[in-house]
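Everything on this sheet refers to the single structure shown next.
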Amino acid sequence: MKKVTCVEIKHSKVNAIHVRYHGLIQKLTATLSLTFLSLGWNSTVNAAEQQIALVGTWTLLPNAPLAQKPKQASEGLYQLQVNGDGTLTPIKVLKMKSPSWIVKSKDGRFAYTTNEENEGAVTALSVQKGKVEVLNTVDSHGGHPTHASISLDGKFLFVSNYSAFDKGRGGVAVFPILPNGHVGEMIQNIVFAEGSGYVKGRQESGHAHSTTFSSDGKYLYASDLGNDRVYTFRYNPNNPQPLEVDSSRDVTLSHGSGPRHMVFSPDGKHAYLTAEMQSEIVVFNVQDGYLKKVGQLKLIHEDKTPEFKSASGIILSPDGKYVIAANRGADNKLLVFKIQQNGLLGKPVVYKANGIEPRAFSFDTSGKYLYVTNVFTNNISLFRFDAKNGILKSIGDAAKISTPTDIKFFN
C-alpha cells in the first residue's frame, strides 16, 4: 500500500474546524471499513461452512409389501442444501440409474456411487465448491453393486457386487482411482460363488455386501451375506492386483447370520458387524488383523419372527463413543449403544426410525444432526444428537425424496 504523508496544518479557526471534521471523517471511514471487512470475513466463513448433501436412491420402485408408492419415481442422485435448522432443500438431480451407495474421497473433492442395477456400474463424481458433476462411469463387473469403499491411501475403489448373473462376475471388484478423480478399468475381481444354503432364497450363492479396511489400512474385510463369512485380504498397493487372500484371518459366523456392514473403533482394537438375517451386532477384538469374537447383541427380541429381523447400517458417532445401528423389516428402529472401556457395547437406547426400511444413515459434518434414509416411506428423518449423553431427539423430516437409500455430506 502506498504510504500517505500528513501535512501539518496551522491552527487557525477555520483550519481547526477542518481538522475536527477531517478527524470525524477518518474515524467514520475506519469504522465502515472494519464493518465491511467483518461482513466480508463472515461471508467467507459462512461459505466455507456451507454444507451440501448427496442422496442416493433406487430409481426402480421396490416390489415390497411395506413400500409406499411415491408421487414420482426417483430420477437419480439428488443434491440438497443443508439449512441452519438441519432440514434439506433440493437443488438439482443428476439423472442416473439407482445410485444406491455413496463413498467420498478423504479430501471430499470426489465421490463414487454404485449404480445398483442388474448390469451394475460405478459412477465417479467431482464435488467442488458446491458444484457436483459426473466424471465417468464404468462397468462394476457384477449385478446390484450395493457398497463401495476406498483404500486409506486413496488409490483404489472396492465395489461389492451383490449378485453374479454370469460366471466370473460378482463379488468384490477393484478399480484404480486416477489422479483426476476418474475411476479406471477394473484390475482385480474376487468372485463369491459359494453360498451356505441355510436361508432359502437368500443364500444359494455368495453375496458380497460390503468391504471395510482395518484402521491401519493393511487388511480389507469383505462381508459375504450368502456364505455367512467375512473374508480377509492383505492390501498391497504396489502389486498389480492389490488384494491377497489371507484365509487364516477369515471369520465364519453362525448359519443364517448374513453379515452386512462393519465398523472399527477409533483405536482399531474393536470391530462391530451387523448380521442382517439374525438381526444382531457381533463384536470382535482386533489384534494383528485377526478378528476374535467377544460379544453378540440382539437388535430385537429373540422370539420375534423373521419378518422383524433385518439389520441394516452401522456407524460410529463423530466422537467414536457410540455405535448406531438400525433394524428394518416390521420393526424399523434405531439403536444407540455406548462403547464400554473394554470395547463391548452397553445396553442400547431404542428409537423409532420415523419411517419404513431405514437402510442407511449419516451425521452431517457438524456432528449435530443424524439423517436416516427410509426407503419405503420416501423420507429422510432428522434427529438432533446430544454427543455428551448419546441421545437422539426426533425433529421431523429433513426432506421427502423418493426411495432414498444413502446420504453423505460435503463442505
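Chain lettering (A, B, ...) mirrors the order of the C-alpha cells, residue numbering begins at 1 for each chain separately, and ligand numbering begins at 1 in order of display.
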Within 8 Å of A:Phe361, counting only C-alpha atoms, which residues qualify if same-chain residues fewer than 5 places away don't, as a ChimeraX atom specification? /A:313,315,370-373,406-407
Given the selection you just returned, output its residues as a file containing C-alpha atoms, formatted as a short mmCIF file (atom, residue, chain, number, x, y, z; two decimals), in the first residue's frame.
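Below you can see out-v4.cif, which holds the result:
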```
data_model
loop_
_atom_site.label_atom_id
_atom_site.label_comp_id
_atom_site.auth_asym_id
_atom_site.auth_seq_id
_atom_site.Cartn_x
_atom_site.Cartn_y
_atom_site.Cartn_z
CA GLY A 313 -26.42 -49.98 8.56
CA ILE A 315 -21.88 -46.26 12.05
CA LEU A 370 -28.29 -37.56 12.19
CA TYR A 371 -30.12 -38.26 8.91
CA VAL A 372 -31.89 -41.57 8.21
CA THR A 373 -32.90 -42.71 4.71
CA ASP A 406 -27.99 -43.38 1.31
CA ILE A 407 -26.86 -39.88 2.31
#
```
Excluding A:Val103 and residues on its chain fewer than 6 positions from it, collect all residues at most 8 Å away from it, counting only C-alpha atoms, and give them as an MDAnalysis selection string. chainID A and resid 111:113 148:150 408
For those residues, write all heavy atoms to a file as a PDB file, in the first residue's frame.
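What follows is the written file result-v4.pdb:
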```
ATOM      1  N   ALA A 111     -16.527 -38.114  -5.156  1.00  0.00           N
ATOM      2  CA  ALA A 111     -17.428 -39.110  -4.588  1.00  0.00           C
ATOM      3  C   ALA A 111     -17.657 -40.197  -5.626  1.00  0.00           C
ATOM      4  O   ALA A 111     -17.489 -39.965  -6.838  1.00  0.00           O
ATOM      5  CB  ALA A 111     -18.750 -38.481  -4.166  1.00  0.00           C
ATOM      6  N   TYR A 112     -18.059 -41.369  -5.153  1.00  0.00           N
ATOM      7  CA  TYR A 112     -18.281 -42.520  -6.030  1.00  0.00           C
ATOM      8  C   TYR A 112     -19.565 -43.201  -5.594  1.00  0.00           C
ATOM      9  O   TYR A 112     -19.799 -43.401  -4.402  1.00  0.00           O
ATOM     10  CB  TYR A 112     -17.082 -43.485  -5.959  1.00  0.00           C
ATOM     11  CG  TYR A 112     -15.788 -42.779  -6.294  1.00  0.00           C
ATOM     12  CD1 TYR A 112     -15.039 -42.156  -5.293  1.00  0.00           C
ATOM     13  CD2 TYR A 112     -15.352 -42.656  -7.614  1.00  0.00           C
ATOM     14  CE1 TYR A 112     -13.883 -41.451  -5.600  1.00  0.00           C
ATOM     15  CE2 TYR A 112     -14.197 -41.957  -7.924  1.00  0.00           C
ATOM     16  CZ  TYR A 112     -13.470 -41.351  -6.911  1.00  0.00           C
ATOM     17  OH  TYR A 112     -12.334 -40.635  -7.221  1.00  0.00           O
ATOM     18  N   THR A 113     -20.401 -43.504  -6.575  1.00  0.00           N
ATOM     19  CA  THR A 113     -21.671 -44.134  -6.263  1.00  0.00           C
ATOM     20  C   THR A 113     -21.826 -45.429  -7.037  1.00  0.00           C
ATOM     21  O   THR A 113     -21.403 -45.540  -8.197  1.00  0.00           O
ATOM     22  CB  THR A 113     -22.857 -43.197  -6.560  1.00  0.00           C
ATOM     23  OG1 THR A 113     -24.080 -43.863  -6.259  1.00  0.00           O
ATOM     24  CG2 THR A 113     -22.881 -42.755  -8.008  1.00  0.00           C
ATOM     25  N   ALA A 148     -19.439 -49.586  -1.682  1.00  0.00           N
ATOM     26  CA  ALA A 148     -18.084 -49.314  -2.166  1.00  0.00           C
ATOM     27  C   ALA A 148     -17.285 -48.681  -1.039  1.00  0.00           C
ATOM     28  O   ALA A 148     -17.835 -47.976  -0.186  1.00  0.00           O
ATOM     29  CB  ALA A 148     -18.107 -48.395  -3.376  1.00  0.00           C
ATOM     30  N   SER A 149     -15.989 -48.943  -1.032  1.00  0.00           N
ATOM     31  CA  SER A 149     -15.091 -48.322  -0.062  1.00  0.00           C
ATOM     32  C   SER A 149     -13.806 -47.924  -0.777  1.00  0.00           C
ATOM     33  O   SER A 149     -13.518 -48.399  -1.874  1.00  0.00           O
ATOM     34  CB  SER A 149     -14.786 -49.273   1.103  1.00  0.00           C
ATOM     35  OG  SER A 149     -14.089 -50.419   0.642  1.00  0.00           O
ATOM     36  N   ILE A 150     -13.043 -47.043  -0.135  1.00  0.00           N
ATOM     37  CA  ILE A 150     -11.793 -46.534  -0.705  1.00  0.00           C
ATOM     38  C   ILE A 150     -10.647 -46.900   0.234  1.00  0.00           C
ATOM     39  O   ILE A 150     -10.778 -46.793   1.456  1.00  0.00           O
ATOM     40  CB  ILE A 150     -11.858 -45.008  -0.894  1.00  0.00           C
ATOM     41  CG1 ILE A 150     -12.981 -44.642  -1.879  1.00  0.00           C
ATOM     42  CG2 ILE A 150     -10.528 -44.465  -1.403  1.00  0.00           C
ATOM     43  CD1 ILE A 150     -13.219 -43.150  -2.014  1.00  0.00           C
ATOM     44  N   LYS A 408     -24.763 -38.692   2.174  1.00  0.00           N
ATOM     45  CA  LYS A 408     -23.424 -38.287   2.600  1.00  0.00           C
ATOM     46  C   LYS A 408     -23.324 -36.760   2.501  1.00  0.00           C
ATOM     47  O   LYS A 408     -23.999 -36.128   1.680  1.00  0.00           O
ATOM     48  CB  LYS A 408     -22.351 -38.939   1.722  1.00  0.00           C
ATOM     49  CG  LYS A 408     -22.275 -40.466   1.834  1.00  0.00           C
ATOM     50  CD  LYS A 408     -21.836 -40.926   3.194  1.00  0.00           C
ATOM     51  CE  LYS A 408     -21.483 -42.416   3.259  1.00  0.00           C
ATOM     52  NZ  LYS A 408     -22.500 -43.322   2.785  1.00  0.00           N
TER      53      LYS A 408
END
```
Two-atom distance - atom CA of A:Val286, atom CA of A:Leu345 (Å): 15.2 Å
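Atom pair atom CA of A:Ile300 / atom CA of A:Val350 has a distance of 10.0 Å (rounded to one decimal).
Here atom CA of A:Val82 is placed at a distance of 10.3 Å from atom CA of A:Leu54.
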Would you please extract all helix (DSSP H, G or I) residues from stretch 75-309 of chain A, as assigned by DSSP on the backbone, and give them as an NGL selection string? :A and (247-249 or 306-308)
Which residues of stretch 282-348 of chain A have any atom within 9 Å of an atom in stretch 374-394 of chain A when counting only C-alpha atoms, and what is the closest pair of atoms for each, with the distance in Å to one decimal? Order the rows by chain and rising number and write it as a Markdown table.
```
| residue | atom | partner | partner_atom | distance |
| --- | --- | --- | --- | --- |
| A:Ser317 | CA | A:Ala387 | CA | 7.9 |
| A:Pro318 | CA | A:Ala387 | CA | 8.3 |
| A:Asp319 | CA | A:Ala387 | CA | 7.6 |
| A:Lys321 | CA | A:Gly390 | CA | 8.3 |
| A:Tyr322 | CA | A:Gly390 | CA | 6.9 |
| A:Val336 | CA | A:Gly390 | CA | 7.3 |
| A:Phe337 | CA | A:Gly390 | CA | 8.3 |
| A:Lys338 | CA | A:Gly390 | CA | 7.5 |
```
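Every protein or nucleic acid residue with an atom no more than 7 Å from stretch 242-250 of chain A, counting only C-alpha atoms and leaving out same-chain residues fewer than 3 positions away, appears here: Val230, Tyr231, Thr232, Phe233, Arg234, Tyr235, Asn236, Pro237, Asn238, Asn239, Gly289 and Tyr290 of chain A.
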For A:His255, work out the shell of residues within 9 Å, counting only C-alpha atoms and skipping chain neighbours fewer than 2 positions away, then give it as a list in words. Ser196, Gly197, Tyr198, Val199, Asn227, Asp228, Thr252, Leu253, Ser257 and Gly258 of chain A
With a distance cut-off of 8 Å and only C-alpha atoms, select the neighbouring residues of A:Glu194, excluding the residue or stretch itself and same-chain residues fewer than 3 positions from it, and output the selection as a PyMOL selection string. chain A and resi 204-206+226-227
Tell me which of A:Ala399, A:Ala360, A:Gly171, A:Ala325 sits closest to A:Ile91, counting only C-alpha atoms. A:Ala399
Output as a PyMOL selection string all residues of stretch 303-342 of chain A that backbone DSSP marks as strand (DSSP E or B). chain A and resi 311-316+322-327+333-339
Excluding same-chain residues fewer than 4 positions from A:Leu297, what lies within 7 Å of it counting only C-alpha atoms, as a VMD selection string? chain A and resid 280 to 282
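When only C-alpha atoms are used to compute distances to A:Gln341, the closest of the residues A:His141, A:Lys293, A:His147, A:His270 turns out to be A:His270.
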